[in-house]
>>> print(open('run31.cif').read())   # mmCIF, C-alpha atoms and all ligand atoms
data_upload
#
loop_
_atom_site.label_atom_id
_atom_site.label_comp_id
_atom_site.auth_asym_id
_atom_site.auth_seq_id
_atom_site.Cartn_x
_atom_site.Cartn_y
_atom_site.Cartn_z
CA MET A 424 -138.62 50.04 161.94
CA GLY A 425 -140.67 53.04 163.09
CA ASP A 426 -141.80 52.97 166.67
CA THR A 427 -145.55 53.37 167.14
CA ILE A 428 -147.64 53.72 170.27
CA PHE A 429 -148.46 49.99 169.97
CA HIS A 430 -144.74 49.07 169.97
CA LYS A 431 -144.54 50.83 173.35
CA ILE A 432 -147.67 49.07 174.64
CA ALA A 433 -146.28 45.69 173.46
CA ARG A 434 -143.03 46.39 175.37
CA ALA A 435 -145.06 47.54 178.42
CA GLU A 436 -143.32 50.94 178.24
CA ILE A 437 -146.64 52.74 178.35
CA PRO A 438 -149.77 51.55 180.15
CA ALA A 439 -152.77 49.93 178.52
CA ASP A 440 -155.82 48.18 179.90
CA VAL A 441 -154.70 44.65 178.93
CA VAL A 442 -157.48 42.03 178.92
CA TYR A 443 -155.69 39.16 177.13
CA ASP A 444 -152.06 38.02 176.87
CA ASP A 445 -150.98 34.54 175.77
CA GLY A 446 -147.31 35.51 175.41
CA VAL A 447 -147.56 35.87 171.63
CA VAL A 448 -150.68 38.00 171.18
CA MET A 449 -152.11 40.57 173.55
CA ALA A 450 -155.34 42.58 173.57
CA PHE A 451 -156.10 45.85 175.29
CA LYS A 452 -159.05 48.24 175.43
CA ASP A 453 -159.26 50.96 172.78
CA ILE A 454 -159.00 54.42 174.36
CA HIS A 455 -161.87 55.68 172.17
CA PRO A 456 -164.29 52.71 172.24
CA LYS A 457 -166.85 52.45 169.44
CA ALA A 458 -168.83 49.67 171.22
CA PRO A 459 -169.36 48.55 174.85
CA THR A 460 -166.36 46.27 174.34
CA HIS A 461 -163.75 47.56 171.87
CA LEU A 462 -160.40 45.77 171.99
CA LEU A 463 -157.26 45.81 169.87
CA PHE A 464 -155.37 42.53 169.30
CA ILE A 465 -151.66 42.84 168.42
CA ALA A 466 -148.68 40.50 168.04
CA LYS A 467 -146.13 41.08 170.82
CA ASP A 468 -142.91 39.85 169.22
CA ALA A 469 -140.85 42.21 167.03
CA SER A 470 -140.37 39.36 164.52
CA ASP A 471 -144.14 39.35 163.93
CA PHE A 472 -144.28 43.09 163.31
CA VAL A 473 -146.30 44.14 160.24
CA PRO A 474 -147.32 47.79 159.79
CA SER A 475 -150.52 46.99 157.89
CA ILE A 476 -152.29 44.23 155.94
CA ALA A 477 -151.06 46.12 152.85
CA ASP A 478 -147.44 45.43 153.90
CA MET A 479 -147.87 41.70 154.58
CA SER A 480 -145.35 39.32 152.97
CA ASP A 481 -145.16 35.52 152.76
CA ALA A 482 -143.03 35.66 155.93
CA THR A 483 -145.71 37.54 157.89
CA ALA A 484 -148.91 36.16 156.30
CA HIS A 485 -149.53 34.09 159.45
CA VAL A 486 -149.87 37.15 161.69
CA PRO A 487 -153.52 38.08 160.90
CA GLY A 488 -154.48 34.47 161.59
CA MET A 489 -152.71 34.62 164.97
CA LEU A 490 -154.72 37.71 165.88
CA ILE A 491 -158.02 36.16 164.73
CA ALA A 492 -157.29 32.91 166.60
CA ALA A 493 -156.53 34.85 169.79
CA ALA A 494 -159.74 36.87 169.41
CA GLN A 495 -161.73 33.65 168.98
CA ARG A 496 -160.07 32.13 172.09
CA PHE A 497 -160.75 35.28 174.10
CA ALA A 498 -164.41 35.39 173.01
CA LYS A 499 -164.91 31.72 173.97
CA GLU A 500 -163.26 32.30 177.36
CA GLN A 501 -165.51 35.30 178.01
CA GLY A 502 -168.68 33.66 176.68
CA ILE A 503 -169.06 36.32 173.99
CA ASP A 504 -170.97 34.67 171.16
CA GLY A 505 -171.25 37.61 168.76
CA TYR A 506 -168.64 40.19 167.76
CA LYS A 507 -167.14 42.10 164.86
CA LEU A 508 -163.51 41.78 163.73
CA THR A 509 -162.02 44.52 161.55
CA PHE A 510 -158.68 45.50 160.03
CA HIS A 511 -158.32 49.09 158.86
CA VAL A 512 -155.93 49.07 155.90
CA GLY A 513 -153.95 52.18 154.96
CA LYS A 514 -154.76 55.84 155.52
CA ALA A 515 -157.62 55.66 153.00
CA GLY A 516 -158.96 52.71 155.03
CA GLU A 517 -158.89 54.90 158.17
CA GLN A 518 -155.81 53.20 159.65
CA GLU A 519 -154.08 55.57 162.07
CA VAL A 520 -151.60 53.32 163.86
CA PHE A 521 -149.22 51.47 161.56
CA TYR A 522 -148.74 48.40 163.74
CA LEU A 523 -151.08 45.64 162.58
CA HIS A 524 -154.05 45.35 164.93
CA LEU A 525 -157.39 43.61 164.86
CA HIS A 526 -160.39 45.55 166.15
CA PHE A 527 -162.75 43.42 168.28
CA LEU A 528 -166.15 44.97 168.92
CA SER A 529 -168.97 43.50 170.95
CA GLN A 530 -172.19 44.77 172.46
CA LYS A 531 -171.41 42.73 175.60
CA THR A 532 -169.67 44.73 178.32
CA LEU A 533 -166.66 42.96 179.85
P1 LIG A 601 -156.82 52.27 163.43
O1 LIG A 601 -157.71 53.36 162.88
O2 LIG A 601 -155.35 52.55 163.23
O3 LIG A 601 -157.23 50.92 162.89
O4 LIG A 601 -157.14 52.20 164.96
C1 LIG A 601 -156.26 52.63 165.96
C2 LIG A 601 -157.04 52.58 167.24
O5 LIG A 601 -156.13 52.75 168.31
C3 LIG A 601 -158.09 53.70 167.38
O6 LIG A 601 -159.37 53.12 167.56
C4 LIG A 601 -157.64 54.49 168.61
O7 LIG A 601 -158.71 54.92 169.42
C5 LIG A 601 -156.72 53.51 169.33
N1 LIG A 601 -155.62 54.11 170.06
C6 LIG A 601 -154.79 55.10 169.60
N2 LIG A 601 -153.86 55.38 170.53
C7 LIG A 601 -154.11 54.57 171.59
C8 LIG A 601 -153.46 54.40 172.85
O8 LIG A 601 -152.48 55.06 173.19
N3 LIG A 601 -153.99 53.46 173.69
C9 LIG A 601 -155.08 52.71 173.34
N4 LIG A 601 -155.51 51.82 174.24
N5 LIG A 601 -155.70 52.84 172.15
C10 LIG A 601 -155.22 53.76 171.29
#
>>> encode(input="run31.cif", output="C-alpha cells")
Amino acid sequence: MGDTIFHKIARAEIPADVVYDDGVVMAFKDIHPKAPTHLLFIAKDASDFVPSIADMSDATAHVPGMLIAAAQRFAKEQGIDGYKLTFHVGKAGEQEVFYLHLHFLSQKTL
C-alpha cells in the first residue's frame, strides 16, 4: 500500500487542522480552500483504505457512505444547512491524492 500525505495525517504523523474526529472518520481543512469552509473527510483505519472510488470493491463499498454520514453529522452539529460534497475520481477527474476523501464545501465560515 503506497503511503500518501493523508495516510500520514490519519496517523497524526504530520499536522492538519482537524475539525471532526469520531474515531472512524476524521475531517480536516484543505490547505488550498476553494470555499470559506473546505474540508476533507477521510477514513482513519487502514482496513478502510481505498485509493479512489475507481478502486472500490464489495469489501470497501461502505467507505463512501461512512464519509457522507460523517459529513452530514458534522454539518448538523455546526448548523450548516447547505454544502457541496464531491469525490474527484482518477487523474482525469482531477484527483491528486490517492487516499479516498470527500470534499465538503460551504459558504459558511467555521
Ligand atoms: P483531490 O484533487 O485529490 O481530490 O484533492 C486533494 C486535496 O488535498 C486538494 O484540495 C489539496 O489542496 C489538499 N491537500 C493536499 N495536500 C494537503 C496537505 O498536506 N494538507 C491538507 N490539509 N490538504 C492537502
>>> atom_distance(input="run31.cif", atom1="CA of Thr532 (chain A)", atom2="CA of Val442 (chain A)")
12.5 Å
>>> closest_residue(input="run31.cif", among="A:Lys467, A:Ile437, A:Glu519, A:Phe527", to="Gln495 (chain A)", atoms="all atoms listed in the file")
A:Phe527
>>> atom_distance(input="run31.cif", atom1="atom O7 of ligand LIG 601 (chain A)", atom2="CA of Asp478 (chain A)")
21.4 Å
>>> residues_near_ligand(input="run31.cif", ligand="ligand LIG 601 (chain A)", cutoff="8 Å", atoms="all atoms listed in the file", output="PyMOL selection string")
chain A and resi 428-429+432+438-440+451-457+463+510-512+516-522+524-526
>>> write_last_selection(input="run31.cif", atoms="C-alpha atoms", output="PDB file, keeping the file's coordinate frame")
ATOM      1  CA  ILE A 428    -147.640  53.720 170.270  1.00  0.00           C
ATOM      2  CA  PHE A 429    -148.460  49.990 169.970  1.00  0.00           C
ATOM      3  CA  ILE A 432    -147.670  49.070 174.640  1.00  0.00           C
ATOM      4  CA  PRO A 438    -149.770  51.550 180.150  1.00  0.00           C
ATOM      5  CA  ALA A 439    -152.770  49.930 178.520  1.00  0.00           C
ATOM      6  CA  ASP A 440    -155.820  48.180 179.900  1.00  0.00           C
ATOM      7  CA  PHE A 451    -156.100  45.850 175.290  1.00  0.00           C
ATOM      8  CA  LYS A 452    -159.050  48.240 175.430  1.00  0.00           C
ATOM      9  CA  ASP A 453    -159.260  50.960 172.780  1.00  0.00           C
ATOM     10  CA  ILE A 454    -159.000  54.420 174.360  1.00  0.00           C
ATOM     11  CA  HIS A 455    -161.870  55.680 172.170  1.00  0.00           C
ATOM     12  CA  PRO A 456    -164.290  52.710 172.240  1.00  0.00           C
ATOM     13  CA  LYS A 457    -166.850  52.450 169.440  1.00  0.00           C
ATOM     14  CA  LEU A 463    -157.260  45.810 169.870  1.00  0.00           C
ATOM     15  CA  PHE A 510    -158.680  45.500 160.030  1.00  0.00           C
ATOM     16  CA  HIS A 511    -158.320  49.090 158.860  1.00  0.00           C
ATOM     17  CA  VAL A 512    -155.930  49.070 155.900  1.00  0.00           C
ATOM     18  CA  GLY A 516    -158.960  52.710 155.030  1.00  0.00           C
ATOM     19  CA  GLU A 517    -158.890  54.900 158.170  1.00  0.00           C
ATOM     20  CA  GLN A 518    -155.810  53.200 159.650  1.00  0.00           C
ATOM     21  CA  GLU A 519    -154.080  55.570 162.070  1.00  0.00           C
ATOM     22  CA  VAL A 520    -151.600  53.320 163.860  1.00  0.00           C
ATOM     23  CA  PHE A 521    -149.220  51.470 161.560  1.00  0.00           C
ATOM     24  CA  TYR A 522    -148.740  48.400 163.740  1.00  0.00           C
ATOM     25  CA  HIS A 524    -154.050  45.350 164.930  1.00  0.00           C
ATOM     26  CA  LEU A 525    -157.390  43.610 164.860  1.00  0.00           C
ATOM     27  CA  HIS A 526    -160.390  45.550 166.150  1.00  0.00           C
TER      28      HIS A 526
END
>>> residues_around(input="run31.cif", residues="Met489 (chain A)", least_positions_apart="4", cutoff="10 Å", atoms="only C-alpha atoms", output="PyMOL selection string")
chain A and resi 447-448+464-466+471+484-485+493-495
>>> axis_aligned_box(input="run31.cif", around="region 451-456 of chain A", padding_each_side="6 Å", output="lines of an AutoDock Vina configuration file")
center_x = -160.2
center_y = 50.8
center_z = 173.8
size_x = 20.2
size_y = 21.8
size_z = 15.3
>>> atom_distance(input="run31.cif", atom1="CA of Ser475 (chain A)", atom2="CA of Thr460 (chain A)")
22.8 Å
>>> closest_residue(input="run31.cif", among="A:Leu533, A:Leu523, A:Leu508, A:Met479", to="Tyr443 (chain A)", atoms="only C-alpha atoms")
A:Leu533
>>> residues_around(input="run31.cif", residues="His430 (chain A)", least_positions_apart="5", cutoff="9 Å", atoms="only C-alpha atoms", output="NGL selection string")
:A and (425 or 435-436 or 467 or 469 or 472 or 522)
